[in-house]
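Colleague: Below is the file run21.txt, which contains compact mmCIF, C-alpha atoms.
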```txt
# COMPACT_ATOMS: atom_id res chain seq x y z
CA MET A 1 100.09 125.69 96.72
CA ALA A 2 99.51 122.73 94.41
CA ASN A 3 96.85 120.09 94.93
CA ILE A 4 97.42 116.43 95.65
CA ARG A 5 97.30 114.10 92.66
CA LEU A 6 96.10 110.57 93.44
CA LEU A 7 98.17 107.97 91.58
CA SER A 8 96.81 104.68 92.94
CA THR A 9 94.88 103.10 95.80
CA SER A 10 95.09 99.43 96.71
CA MET A 11 94.65 96.98 99.58
CA VAL A 12 97.71 95.29 101.06
CA GLN A 13 97.16 92.02 102.91
CA ALA A 14 99.48 90.06 105.15
CA THR A 15 101.56 87.57 103.16
CA THR A 16 99.89 84.59 104.80
CA ASP A 17 97.11 82.99 102.77
CA LYS A 18 95.43 81.77 105.91
CA VAL A 19 92.33 83.72 106.93
CA THR A 20 91.56 82.91 110.56
CA ASP A 21 88.42 83.25 112.61
CA GLU A 22 90.46 84.85 115.37
CA ARG A 23 88.77 87.72 117.16
CA ILE A 24 90.30 90.17 119.59
CA GLU A 25 87.86 91.72 122.04
CA LEU A 26 88.35 95.41 122.77
CA THR A 27 89.23 96.31 126.34
CA GLN A 28 87.77 99.15 128.40
CA CYS A 29 90.70 101.36 127.34
CA ASP A 30 90.10 100.58 123.66
CA LEU A 31 86.37 101.29 123.90
CA LYS A 32 86.92 104.76 125.37
CA LEU A 33 88.22 105.86 121.96
CA LEU A 34 85.45 104.58 119.70
CA LEU A 35 83.85 107.98 119.07
CA VAL A 36 86.97 110.01 118.28
CA ASP A 37 89.28 110.09 115.26
CA ALA A 38 92.12 107.77 114.35
CA ILE A 39 95.79 108.39 115.15
CA GLN A 40 97.43 110.24 112.25
CA LYS A 41 101.18 110.77 112.20
CA GLY A 42 103.56 111.05 109.29
CA LEU A 43 107.24 111.41 108.50
CA LEU A 44 109.03 113.56 105.96
CA PHE A 45 112.13 112.09 104.29
CA LEU A 46 114.63 113.38 101.77
CA LYS A 47 114.02 111.71 98.43
CA PRO A 48 116.63 108.93 98.01
CA LYS A 49 119.37 110.06 95.62
CA SER A 50 119.71 106.56 94.21
CA LEU A 51 116.02 106.43 93.35
CA GLU A 52 115.51 105.96 89.61
CA ASP A 53 112.22 104.11 89.45
CA GLN A 54 109.51 105.43 91.75
CA ASN A 55 107.26 102.49 90.94
CA SER A 56 109.83 100.03 92.26
CA LEU A 57 109.99 101.97 95.53
CA ILE A 58 106.19 101.86 95.91
CA GLN A 59 106.14 98.13 95.19
CA HIS A 60 108.92 97.56 97.73
CA LEU A 61 106.95 99.54 100.33
CA LYS A 62 103.85 97.44 99.66
CA THR A 63 105.84 94.22 99.95
CA SER A 64 107.47 95.24 103.22
CA LEU A 65 104.09 96.43 104.56
CA SER A 66 102.60 93.04 103.73
CA ARG A 67 105.39 91.26 105.59
CA THR A 68 105.01 93.62 108.57
CA LEU A 69 101.30 92.81 108.72
CA ASP A 70 102.29 89.18 109.31
CA CYS A 71 103.44 90.38 112.74
CA PHE A 72 100.63 92.92 113.21
CA ASN A 73 97.83 90.86 111.63
CA PRO A 74 94.98 92.57 113.55
CA LEU A 75 95.77 95.77 111.61
CA ALA A 76 94.93 93.93 108.39
CA GLY A 77 91.50 93.12 109.83
CA ARG A 78 88.30 95.04 110.46
CA LEU A 79 86.32 96.17 113.46
CA ALA A 80 83.18 94.11 114.05
CA ALA A 81 80.12 95.02 116.12
CA VAL A 82 77.67 92.60 117.72
CA GLU A 83 74.26 93.93 118.77
CA HIS A 84 72.68 92.05 121.68
CA ASP A 85 69.07 91.48 122.72
CA ASP A 86 69.42 93.79 125.75
CA ASN A 87 70.08 96.83 123.52
CA THR A 88 73.82 96.69 124.03
CA VAL A 89 76.66 96.31 121.57
CA SER A 90 80.17 94.86 121.82
CA PHE A 91 83.14 95.34 119.52
CA PHE A 92 86.02 93.13 118.49
CA ILE A 93 88.75 93.06 115.85
CA ASP A 94 88.04 90.47 113.18
CA CYS A 95 91.46 89.23 112.03
CA ASN A 96 90.18 88.43 108.55
CA ASN A 97 93.15 89.83 106.57
CA ALA A 98 90.86 92.11 104.57
CA GLY A 99 93.90 94.33 104.19
CA ALA A 100 95.33 97.76 104.90
CA GLN A 101 94.77 100.62 102.48
CA PHE A 102 97.81 101.87 100.54
CA VAL A 103 97.59 105.21 98.73
CA HIS A 104 100.24 106.54 96.36
CA ALA A 105 99.98 110.27 95.63
CA ALA A 106 102.01 113.20 94.35
CA ALA A 107 102.12 116.82 95.47
CA ASP A 108 103.25 118.40 92.21
CA GLY A 109 105.47 121.42 92.67
CA VAL A 110 105.61 121.08 96.47
CA THR A 111 109.06 121.01 98.06
CA MET A 112 110.19 120.09 101.55
CA ALA A 113 110.82 123.78 102.19
CA ASP A 114 107.14 124.47 101.44
CA ILE A 115 106.28 122.20 104.37
CA LEU A 116 109.03 123.14 106.82
CA GLN A 117 109.75 126.85 106.33
CA PRO A 118 106.35 128.55 106.82
CA VAL A 119 105.68 129.81 110.36
CA TYR A 120 102.32 128.01 110.35
CA VAL A 121 101.71 124.42 109.25
CA PRO A 122 100.47 124.62 105.62
CA PRO A 123 96.92 123.27 105.14
CA ILE A 124 98.03 121.00 102.28
CA LEU A 125 99.75 118.79 104.85
CA HIS A 126 96.39 117.36 105.94
CA SER A 127 95.90 115.92 102.45
CA PHE A 128 99.06 113.81 102.99
CA PHE A 129 96.97 111.51 105.22
CA PRO A 130 94.37 108.90 104.18
CA LEU A 131 90.94 108.21 105.69
CA ASN A 132 90.34 111.73 106.98
CA GLY A 133 87.06 112.42 108.75
CA PHE A 134 86.16 108.91 109.95
CA LEU A 135 85.55 108.01 113.59
CA ASN A 136 87.08 104.85 115.03
CA TYR A 137 83.83 102.91 115.33
CA GLU A 138 83.27 103.36 111.58
CA ALA A 139 86.09 100.85 110.92
CA VAL A 140 83.41 98.17 110.56
CA SER A 141 83.45 99.29 106.93
CA LYS A 142 86.88 100.96 106.74
CA PRO A 143 90.41 99.60 107.18
CA LEU A 144 92.01 99.75 110.63
CA LEU A 145 95.22 100.91 108.95
CA ALA A 146 95.77 103.17 105.95
CA VAL A 147 99.09 104.45 104.59
CA GLN A 148 99.69 107.26 102.11
CA VAL A 149 103.03 107.79 100.38
CA THR A 150 103.14 111.27 98.85
CA GLU A 151 105.90 112.28 96.46
CA LEU A 152 107.26 115.81 96.79
CA VAL A 153 109.73 117.48 94.43
CA ASP A 154 112.65 116.63 96.71
CA GLY A 155 111.12 114.45 99.41
CA ILE A 156 108.73 111.69 100.41
CA PHE A 157 106.05 111.94 103.05
CA VAL A 158 104.78 108.71 104.61
CA GLY A 159 101.49 109.32 106.42
CA CYS A 160 99.86 106.70 108.60
CA THR A 161 96.25 106.59 109.81
CA MET A 162 95.62 103.92 112.46
CA ASN A 163 92.40 103.20 114.31
CA HIS A 164 92.74 104.49 117.88
CA SER A 165 90.47 101.75 119.24
CA ALA A 166 93.03 99.23 118.01
CA VAL A 167 96.26 100.93 119.15
CA ASP A 168 97.68 103.72 121.28
CA GLY A 169 100.70 105.88 120.48
CA THR A 170 103.23 103.34 121.76
CA SER A 171 101.74 100.62 119.54
CA PHE A 172 101.51 103.03 116.60
CA TRP A 173 105.22 103.84 116.66
CA ASN A 174 106.19 100.21 117.24
CA PHE A 175 104.37 99.40 114.00
CA PHE A 176 105.98 102.30 112.10
CA ASN A 177 109.45 101.35 113.40
CA SER A 178 108.85 97.66 112.55
CA TRP A 179 107.71 98.45 109.00
CA SER A 180 110.90 100.45 108.39
CA GLU A 181 113.02 97.57 109.75
CA ILE A 182 111.40 95.05 107.39
CA HIS A 183 111.77 97.50 104.51
CA ARG A 184 115.50 97.85 105.27
CA GLY A 185 115.84 94.09 104.87
CA LEU A 186 115.71 92.78 108.43
CA ASP A 187 114.34 89.24 108.75
CA HIS A 188 112.36 90.03 111.89
CA VAL A 189 111.22 93.04 113.88
CA SER A 190 113.14 94.11 116.98
CA LYS A 191 109.98 94.41 119.15
CA THR A 192 107.58 91.58 118.43
CA PRO A 193 104.07 92.89 119.21
CA VAL A 194 102.04 91.19 121.93
CA LEU A 195 98.63 90.90 120.29
CA GLU A 196 96.51 89.30 123.02
CA ARG A 197 94.08 91.74 124.62
CA TRP A 198 94.14 91.35 128.39
CA SER A 199 91.47 92.62 130.75
CA LEU A 200 94.19 94.89 132.25
CA LEU A 201 92.81 94.09 135.72
CA ASN A 202 93.71 90.45 136.21
CA GLY A 203 95.89 89.45 133.26
CA SER A 204 93.27 87.17 131.69
CA ILE A 205 92.09 87.41 128.09
CA SER A 206 89.61 90.25 127.80
CA PRO A 207 85.95 89.15 127.64
CA PRO A 208 83.41 91.05 125.51
CA ILE A 209 82.41 94.36 127.12
CA ARG A 210 78.94 95.63 126.29
CA LEU A 211 78.06 99.27 125.67
CA PRO A 212 74.54 100.73 125.52
CA LEU A 213 73.60 100.68 121.85
CA SER A 214 72.15 104.17 122.16
CA ILE A 215 75.63 105.63 122.78
CA ILE A 216 76.70 104.60 119.30
CA LYS A 217 73.44 105.17 117.42
CA ASN A 218 72.80 108.59 118.94
CA ASN A 219 76.32 109.85 118.46
CA SER A 220 76.46 112.95 116.34
CA ASP A 221 79.34 115.33 115.90
CA SER A 222 77.35 118.50 116.47
CA ILE A 223 80.36 120.67 117.27
CA ILE A 224 80.95 123.42 114.72
CA PRO A 225 84.66 123.22 113.86
CA SER A 226 86.69 126.26 114.88
CA PRO A 227 88.94 127.97 112.30
CA LEU A 228 92.11 126.44 113.72
CA GLN A 229 95.72 127.21 112.88
CA GLU A 230 98.75 125.06 113.62
CA ARG A 231 102.35 125.82 114.45
CA VAL A 232 105.27 123.70 115.64
CA PHE A 233 107.39 125.21 118.42
CA HIS A 234 110.87 123.80 119.05
CA PHE A 235 112.36 123.63 122.55
CA THR A 236 116.04 122.72 122.91
CA LYS A 237 117.43 120.47 125.64
CA GLY A 238 119.10 123.49 127.24
CA LYS A 239 115.95 125.63 127.34
CA ILE A 240 113.93 122.74 128.78
CA ALA A 241 116.59 122.22 131.46
CA MET A 242 116.27 125.89 132.42
CA LEU A 243 112.48 125.57 132.76
CA LYS A 244 112.91 122.44 134.88
CA ALA A 245 115.42 124.12 137.18
CA LYS A 246 113.16 127.15 137.58
CA ALA A 247 110.04 125.08 138.29
CA ASN A 248 111.75 122.90 140.90
CA ALA A 249 113.36 125.92 142.59
CA GLU A 250 110.05 127.79 142.81
CA ALA A 251 108.25 124.72 144.17
CA ALA A 252 111.11 123.81 146.55
CA THR A 253 111.26 120.24 145.22
CA THR A 254 113.30 118.04 142.90
CA SER A 255 110.43 115.87 141.66
CA ILE A 256 109.16 117.95 138.72
CA SER A 257 110.16 116.46 135.38
CA SER A 258 111.32 118.20 132.20
CA LEU A 259 108.02 117.49 130.45
CA GLN A 260 105.93 118.70 133.39
CA SER A 261 107.94 121.94 133.46
CA LEU A 262 107.45 122.48 129.72
CA LEU A 263 103.71 121.77 129.91
CA ALA A 264 103.38 124.26 132.78
CA HIS A 265 105.22 126.90 130.71
CA ILE A 266 102.90 126.25 127.76
CA TRP A 267 99.73 126.21 129.90
CA ARG A 268 100.56 129.56 131.49
CA ALA A 269 101.36 131.16 128.12
CA THR A 270 98.23 129.79 126.45
CA THR A 271 96.09 131.05 129.32
CA ARG A 272 97.62 134.52 128.91
CA ALA A 273 97.08 134.42 125.16
CA ARG A 274 93.43 133.41 125.42
CA LEU A 275 92.47 136.26 127.76
CA VAL A 276 90.27 133.88 129.77
CA GLU A 277 88.19 135.25 132.65
CA HIS A 278 90.40 135.61 135.70
CA ASP A 279 88.67 133.11 137.98
CA LYS A 280 87.58 130.45 135.50
CA GLU A 281 88.38 126.74 135.98
CA VAL A 282 90.32 125.23 133.07
CA ASP A 283 91.68 121.75 132.46
CA LEU A 284 94.88 120.17 131.22
CA ARG A 285 94.02 116.67 129.98
CA ILE A 286 96.92 114.23 129.74
CA PHE A 287 97.09 110.53 128.96
CA ILE A 288 98.68 108.36 131.65
CA GLY A 289 100.57 105.33 130.35
CA LEU A 290 99.72 102.07 132.11
CA ARG A 291 102.27 99.58 130.80
CA ALA A 292 104.78 100.14 133.61
CA ARG A 293 102.14 101.04 136.22
CA LEU A 294 100.22 97.76 136.11
CA GLN A 295 101.18 94.85 138.35
CA PRO A 296 102.49 92.77 136.75
CA PRO A 297 103.59 95.32 134.13
CA LEU A 298 102.43 94.99 130.53
CA PRO A 299 105.16 94.41 127.95
CA GLU A 300 106.27 97.58 126.17
CA SER A 301 105.30 95.86 122.91
CA TYR A 302 101.69 95.23 124.05
CA CYS A 303 99.63 96.13 120.96
CA GLY A 304 96.51 97.93 122.10
CA ASN A 305 95.51 100.84 124.31
CA ALA A 306 97.11 100.96 127.74
CA ILE A 307 96.26 104.52 128.72
CA VAL A 308 93.81 106.38 130.95
CA SER A 309 92.97 110.06 131.02
CA GLY A 310 94.30 112.26 133.81
CA ILE A 311 92.93 115.77 134.32
CA VAL A 312 94.61 118.71 136.06
CA THR A 313 92.06 121.43 136.95
CA LEU A 314 93.17 124.91 138.03
CA ARG A 315 91.72 128.41 138.14
CA THR A 316 93.13 130.87 135.64
CA ARG A 317 94.01 133.23 138.50
CA ASP A 318 96.33 130.60 140.00
CA ILE A 319 97.85 129.65 136.65
CA LEU A 320 98.80 133.24 135.95
CA GLU A 321 99.72 134.48 139.43
CA GLN A 322 101.20 131.49 141.26
CA GLY A 323 104.13 130.97 138.90
CA LEU A 324 105.71 128.18 136.87
CA GLY A 325 106.65 126.03 139.88
CA PHE A 326 103.10 125.97 141.27
CA VAL A 327 101.55 124.91 137.95
CA ALA A 328 104.25 122.31 137.25
CA LEU A 329 103.86 120.84 140.73
CA GLU A 330 100.08 120.51 140.26
CA ILE A 331 100.72 118.56 137.05
CA ASN A 332 103.28 116.44 138.89
CA LYS A 333 100.79 115.65 141.66
CA VAL A 334 98.19 114.33 139.22
CA VAL A 335 100.70 112.18 137.30
CA SER A 336 102.26 110.84 140.54
CA SER A 337 98.84 109.99 141.96
CA TYR A 338 98.44 107.15 139.46
CA THR A 339 99.75 104.44 141.76
CA LYS A 340 98.92 100.75 141.36
CA ASN A 341 95.77 101.18 143.49
CA LYS A 342 94.53 104.24 141.59
CA VAL A 343 95.17 102.58 138.24
CA THR A 344 93.23 99.51 139.39
CA ASP A 345 90.36 101.70 140.56
CA ALA A 346 90.36 103.64 137.28
CA LEU A 347 90.23 100.46 135.19
CA ALA A 348 87.47 99.00 137.37
CA SER A 349 85.51 102.23 136.95
CA LEU A 350 85.92 102.02 133.18
CA LEU A 351 84.51 98.50 133.23
CA LYS A 352 81.41 99.70 135.08
CA ASN A 353 81.03 102.75 132.85
CA PRO A 354 82.81 102.17 129.54
CA SER A 355 81.13 105.10 127.79
CA PRO A 356 83.47 106.40 125.09
CA PHE A 357 84.95 109.87 124.96
CA THR A 358 83.30 112.26 122.53
CA LYS A 359 84.93 115.15 120.71
CA ALA A 360 83.11 117.49 123.09
CA ASP A 361 84.80 115.76 126.04
CA VAL A 362 88.33 116.12 124.71
CA GLY A 363 87.85 119.63 123.32
CA ARG A 364 86.46 121.45 126.37
CA ILE A 365 86.57 125.21 125.85
CA HIS A 366 89.64 127.10 127.14
CA SER A 367 91.38 123.84 128.12
CA LEU A 368 94.35 121.95 126.71
CA GLY A 369 94.54 118.33 125.56
CA ILE A 370 97.94 116.63 125.35
CA SER A 371 98.62 113.74 123.00
CA SER A 372 101.59 111.66 121.88
CA SER A 373 104.92 111.63 123.76
CA PRO A 374 108.49 112.84 123.33
CA ARG A 375 109.58 109.34 124.38
CA HIS A 376 108.34 107.68 121.18
CA ASN A 377 111.03 106.46 118.81
CA VAL A 378 110.05 108.77 115.97
CA TYR A 379 113.44 109.39 114.39
CA GLY A 380 114.45 105.74 114.56
CA THR A 381 111.98 105.06 111.73
CA ASP A 382 114.49 104.54 108.92
CA PHE A 383 113.36 102.89 105.68
CA GLY A 384 116.91 102.90 104.35
CA TRP A 385 116.77 106.49 103.09
CA GLY A 386 118.20 108.00 106.28
CA ARG A 387 116.48 109.44 109.34
CA PRO A 388 113.28 111.43 108.91
CA VAL A 389 113.69 115.18 108.56
CA ALA A 390 110.46 116.02 110.41
CA VAL A 391 107.30 114.55 111.91
CA ARG A 392 103.79 115.98 111.57
CA SER A 393 100.26 114.95 112.52
CA GLY A 394 97.10 114.79 110.42
CA PRO A 395 93.75 116.54 110.91
CA GLY A 396 92.30 113.88 113.22
CA ASN A 397 91.30 114.89 116.76
CA LYS A 398 92.22 118.55 116.25
CA PHE A 399 90.44 121.12 118.39
CA ASP A 400 91.16 124.48 119.97
CA GLY A 401 93.79 123.57 122.57
CA LYS A 402 95.24 120.36 121.14
CA LEU A 403 98.98 119.91 121.76
CA THR A 404 100.89 117.08 120.09
CA LEU A 405 104.27 116.22 121.61
CA PHE A 406 107.19 114.87 119.61
CA PRO A 407 110.89 114.37 120.31
CA GLY A 408 113.05 116.90 118.48
CA LEU A 409 115.75 115.97 115.99
CA GLU A 410 118.44 116.76 118.56
CA GLU A 411 118.59 114.44 121.58
CA GLY A 412 116.73 115.86 124.57
CA SER A 413 114.84 118.50 122.56
CA MET A 414 111.07 118.54 121.99
CA ASP A 415 108.73 119.75 119.29
CA VAL A 416 105.19 120.77 120.28
CA GLU A 417 102.54 121.06 117.59
CA PHE A 418 99.88 123.58 118.66
CA SER A 419 96.36 123.51 117.24
CA VAL A 420 94.52 126.64 118.48
CA LEU A 421 92.56 129.64 117.25
CA PRO A 422 94.59 131.95 114.96
CA GLU A 423 94.41 134.86 117.41
CA THR A 424 95.76 132.63 120.21
CA LEU A 425 98.65 131.47 118.05
CA LYS A 426 99.47 135.06 117.07
CA ALA A 427 99.44 136.13 120.74
CA LEU A 428 101.75 133.23 121.66
CA GLY A 429 104.20 134.30 118.97
CA ASN A 430 104.24 137.80 120.47
CA ASP A 431 104.61 136.59 124.09
CA LEU A 432 108.22 137.34 125.02
CA GLU A 433 108.20 135.12 128.13
CA PHE A 434 106.91 132.15 126.15
CA MET A 435 109.11 132.70 123.10
CA ASP A 436 112.24 133.06 125.26
CA ALA A 437 112.13 129.25 125.63
CA VAL A 438 111.48 128.66 121.93
CA THR A 439 114.17 128.22 119.30
CA ILE A 440 113.19 129.46 115.85
```
Once you've parsed the file, please lay out its structure as structure tokens.

Modeller:
Amino acid sequence: MANIRLLSTSMVQATTDKVTDERIELTQCDLKLLLVDAIQKGLLFLKPKSLEDQNSLIQHLKTSLSRTLDCFNPLAGRLAAVEHDDNTVSFFIDCNNAGAQFVHAAADGVTMADILQPVYVPPILHSFFPLNGFLNYEAVSKPLLAVQVTELVDGIFVGCTMNHSAVDGTSFWNFFNSWSEIHRGLDHVSKTPVLERWSLLNGSISPPIRLPLSIIKNNSDSIIPSPLQERVFHFTKGKIAMLKAKANAEAATTSISSLQSLLAHIWRATTRARLVEHDKEVDLRIFIGLRARLQPPLPESYCGNAIVSGIVTLRTRDILEQGLGFVALEINKVVSSYTKNKVTDALASLLKNPSPFTKADVGRIHSLGISSSPRHNVYGTDFGWGRPVAVRSGPGNKFDGKLTLFPGLEEGSMDVEFSVLPETLKALGNDLEFMDAVTI
């Protein structure tokens, strides 16, 4: 397949000329993500039929991005680190309007079918994203936001890389949606971001949180990358409903959700495919959203990280022998356990020990890590060219067992992007029980 041809790279600033000395301190939830990769998601669109001048489209995208940064001005800034006399370090966002990176590229000879039709995600897709290979804390010298617009023969791919210490998935998609609204000609965004960083415990503005300097200076990514392969599996609304009905019937309950049922189905199949020792403990790591769980709740448009990590631990024997309902109910128990009191305790614990995740933490062997959400408004991101045709993620935070969840094109359906070893992916494709719920 063809290589990417770089056409231009520039910095896009917010339209305001005013450079402020505003600083936004990172919260305990933000700091947990310093040592992992940025969020990377992108959308594939049909090339507009009315498009005659590609340069005018790129300039329009830059102009609308600049106007959107007026609302999301921290994303035009940089991460700043302050080293203290007690061998600690604190981080904040310097809202200096240094700008977001904008890359214009072309994938000569590559069609939309080249991206969508192969069984496995083609490796060239990773080159549709900017700022690959940088950890979040390295944004002291890199932009917090970078966008790459890649021209295909018959389509356009808009890839976004956003520092995960600055935003979570909800904030990421609010930005993407807002940019498309401004590009379509709206005077204002429909969800104005709330930019203040609160302590999450008492509703006050977050004070600086200090980390041991050694955690940052001694960080080294010593993990040898596995030869991963990626595939997107599509689950229709009807198939998901069947899994949910089966899980609730087996567990004699009505509390198991559609997503919990699907994750249980996937966890059981992946455990079968990996041929893990029969009595080994394995984890399912999921992010628990806090916006609605906090008291008082955070606004949905809160721009920052409002997530904590929840872990479901089971023995492979139980995953394989106890059935779908048992596994789904165990997932349900962990998610349901995050009451107001548990959330408060978790946030207080993070304040006492704000050590960031490392790639080794999130990529524990034989386990699964879940990211993103089918609830995000992915297909509402319309730049005026029509709805996206597909969504894909970049190479950031990929490890053996990474699952990225997206809503499907049809209402109620879901797409799950698997990143696992090639032999695991091949075994999943040959697993009749697993594939019975998949629509090709």

Colleague: Find the distance between CA of Thr9 (chain A) and CA of Met162 (chain A) and write it in Å to one decimal.

Modeller: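 So the two atoms, CA of Thr9 (chain A) and CA of Met162 (chain A), lie 16.7 Å apart.
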
Colleague: Which polymer residues have any atom within 8 Å of an atom of Val416 (chain A), counting only C-alpha atoms, with same-chain residues fewer than 4 positions away left out, as a PyMOL selection string?

Modeller: chain A and resi 232-234+403-406

Colleague: Mind writing the picked residues with C-alpha atoms as an mmCIF file, keeping the file's coordinate frame?

Modeller:
```cif
data_model
loop_
_atom_site.group_PDB
_atom_site.id
_atom_site.type_symbol
_atom_site.label_atom_id
_atom_site.label_comp_id
_atom_site.auth_asym_id
_atom_site.auth_seq_id
_atom_site.Cartn_x
_atom_site.Cartn_y
_atom_site.Cartn_z
ATOM 1 C CA VAL A 232 105.270 123.700 115.640
ATOM 2 C CA PHE A 233 107.390 125.210 118.420
ATOM 3 C CA HIS A 234 110.870 123.800 119.050
ATOM 4 C CA LEU A 403 98.980 119.910 121.760
ATOM 5 C CA THR A 404 100.890 117.080 120.090
ATOM 6 C CA LEU A 405 104.270 116.220 121.610
ATOM 7 C CA PHE A 406 107.190 114.870 119.610
#
```

Colleague: Identify which of the residues A:Ile307, A:Asn397, A:Met414, A:Tyr379 lies closest to Thr170 (chain A), counting only C-alpha atoms when measuring atom-to-atom distances.

Modeller: A:Ile307

Colleague: Between A:Gly169, A:Pro395, A:Pro388, A:Gly323, which has the minimum distance to Ser372 (chain A) (counting all atoms listed in the file)?

Modeller: A:Gly169

Colleague: Do you know which residues lie at most 8 Å from (103.4, 111.2, 108.9), with coordinates as in the file and only C-alpha atoms counted, and could you write them as a list in words?

Modeller: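 Residues with an atom close enough to that point: Gln40, Lys41, Gly42, Leu43, Leu44, Phe128, Phe129, Phe157, Val158, Gly159, Cys160, Val391, Arg392, Ser393 and Gly394 of chain A.
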
Colleague: Which neighbours of Ala113 (chain A) fall inside 12 Å, counting all atoms listed in the file, when residues of the same chain fewer than 4 positions from it are skipped, and could you give them as a list in words?

Modeller: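 Selected residues are Leu44, Phe45, Leu46, Gly109, Gln117, Pro118, Val119, Val121, Pro122, Leu152, Val153, Asp154, Gly155, Val389 and Ala390 of chain A.
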
Colleague: Could you jot down the CA of Thr111 (chain A) to CA of Lys398 (chain A) separation for me, Å, one decimal place?

Modeller: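 Here the two named atoms are 24.9 Å from each other.
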
Colleague: Using all atoms listed in the file, which of A:Gln295, A:Asn3, A:Thr339, A:Asn97 sits nearest Val110 (chain A)?

Modeller: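 For Val110 (chain A), the nearest of the given residues is A:Asn3.
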
Colleague: Using all atoms listed in the file, which residue out of A:Glu321, A:Ser309, A:Glu300, A:Ala249 lies closest to His278 (chain A)?

Modeller: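 Looking only at the distances to His278 (chain A), the closest residue turns out to be A:Glu321.
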
Colleague: Given only C-alpha atoms as the basis, pick out the residue of A:Arg293, A:Gly396, A:Asn377, A:Pro227 nearest to His126 (chain A).

Modeller: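 The shortest atom-to-atom distance to His126 (chain A) comes from A:Gly396.
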
Colleague: Kindly give the distance, in Å, that separates CA of Phe92 (chain A) and CA of Phe357 (chain A), rounded to a single decimal.

Modeller: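 Those two atoms sit 18.0 Å apart.
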
Colleague: A:Arg67, A:Glu151, A:Ala107, A:Asp37: which is nearest Asn55 (chain A), counting all atoms listed in the file?

Modeller: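 Checking each candidate against Asn55 (chain A), we get A:Glu151 as the closest.
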
Colleague: What would region 263-276 of chain A look like with N, CA and C atoms in place, written as a PDB file, in the frame of the given file?

Modeller:
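Everything below was put into result-v7.pdb:
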```pdb
ATOM      1  N   LEU A 263     105.167 121.658 130.005  1.00  0.00           N
ATOM      2  CA  LEU A 263     103.710 121.770 129.910  1.00  0.00           C
ATOM      3  C   LEU A 263     103.189 122.922 130.760  1.00  0.00           C
ATOM      4  N   ALA A 264     103.781 123.133 131.927  1.00  0.00           N
ATOM      5  CA  ALA A 264     103.380 124.260 132.780  1.00  0.00           C
ATOM      6  C   ALA A 264     103.676 125.590 132.076  1.00  0.00           C
ATOM      7  N   HIS A 265     104.842 125.691 131.456  1.00  0.00           N
ATOM      8  CA  HIS A 265     105.220 126.900 130.710  1.00  0.00           C
ATOM      9  C   HIS A 265     104.211 127.165 129.587  1.00  0.00           C
ATOM     10  N   ILE A 266     103.841 126.113 128.873  1.00  0.00           N
ATOM     11  CA  ILE A 266     102.900 126.250 127.760  1.00  0.00           C
ATOM     12  C   ILE A 266     101.501 126.607 128.278  1.00  0.00           C
ATOM     13  N   TRP A 267     101.068 125.959 129.365  1.00  0.00           N
ATOM     14  CA  TRP A 267      99.730 126.210 129.900  1.00  0.00           C
ATOM     15  C   TRP A 267      99.583 127.668 130.362  1.00  0.00           C
ATOM     16  N   ARG A 268     100.605 128.172 131.019  1.00  0.00           N
ATOM     17  CA  ARG A 268     100.560 129.560 131.490  1.00  0.00           C
ATOM     18  C   ARG A 268     100.506 130.525 130.289  1.00  0.00           C
ATOM     19  N   ALA A 269     101.325 130.265 129.273  1.00  0.00           N
ATOM     20  CA  ALA A 269     101.360 131.160 128.120  1.00  0.00           C
ATOM     21  C   ALA A 269     100.046 131.109 127.341  1.00  0.00           C
ATOM     22  N   THR A 270      99.495 129.915 127.183  1.00  0.00           N
ATOM     23  CA  THR A 270      98.230 129.790 126.450  1.00  0.00           C
ATOM     24  C   THR A 270      97.095 130.464 127.202  1.00  0.00           C
ATOM     25  N   THR A 271      97.110 130.376 128.509  1.00  0.00           N
ATOM     26  CA  THR A 271      96.090 131.050 129.320  1.00  0.00           C
ATOM     27  C   THR A 271      96.189 132.566 129.170  1.00  0.00           C
ATOM     28  N   ARG A 272      97.426 133.085 129.150  1.00  0.00           N
ATOM     29  CA  ARG A 272      97.620 134.520 128.910  1.00  0.00           C
ATOM     30  C   ARG A 272      97.102 134.915 127.535  1.00  0.00           C
ATOM     31  N   ALA A 273      97.422 134.091 126.544  1.00  0.00           N
ATOM     32  CA  ALA A 273      97.080 134.420 125.160  1.00  0.00           C
ATOM     33  C   ALA A 273      95.580 134.400 124.918  1.00  0.00           C
ATOM     34  N   ARG A 274      94.871 133.557 125.645  1.00  0.00           N
ATOM     35  CA  ARG A 274      93.430 133.410 125.420  1.00  0.00           C
ATOM     36  C   ARG A 274      92.597 134.480 126.124  1.00  0.00           C
ATOM     37  N   LEU A 275      93.195 135.217 127.022  1.00  0.00           N
ATOM     38  CA  LEU A 275      92.470 136.260 127.760  1.00  0.00           C
ATOM     39  C   LEU A 275      91.214 135.691 128.433  1.00  0.00           C
ATOM     40  N   VAL A 276      91.391 134.531 129.090  1.00  0.00           N
ATOM     41  CA  VAL A 276      90.270 133.880 129.770  1.00  0.00           C
ATOM     42  C   VAL A 276      89.908 134.653 131.033  1.00  0.00           C
TER      43      VAL A 276
END
```
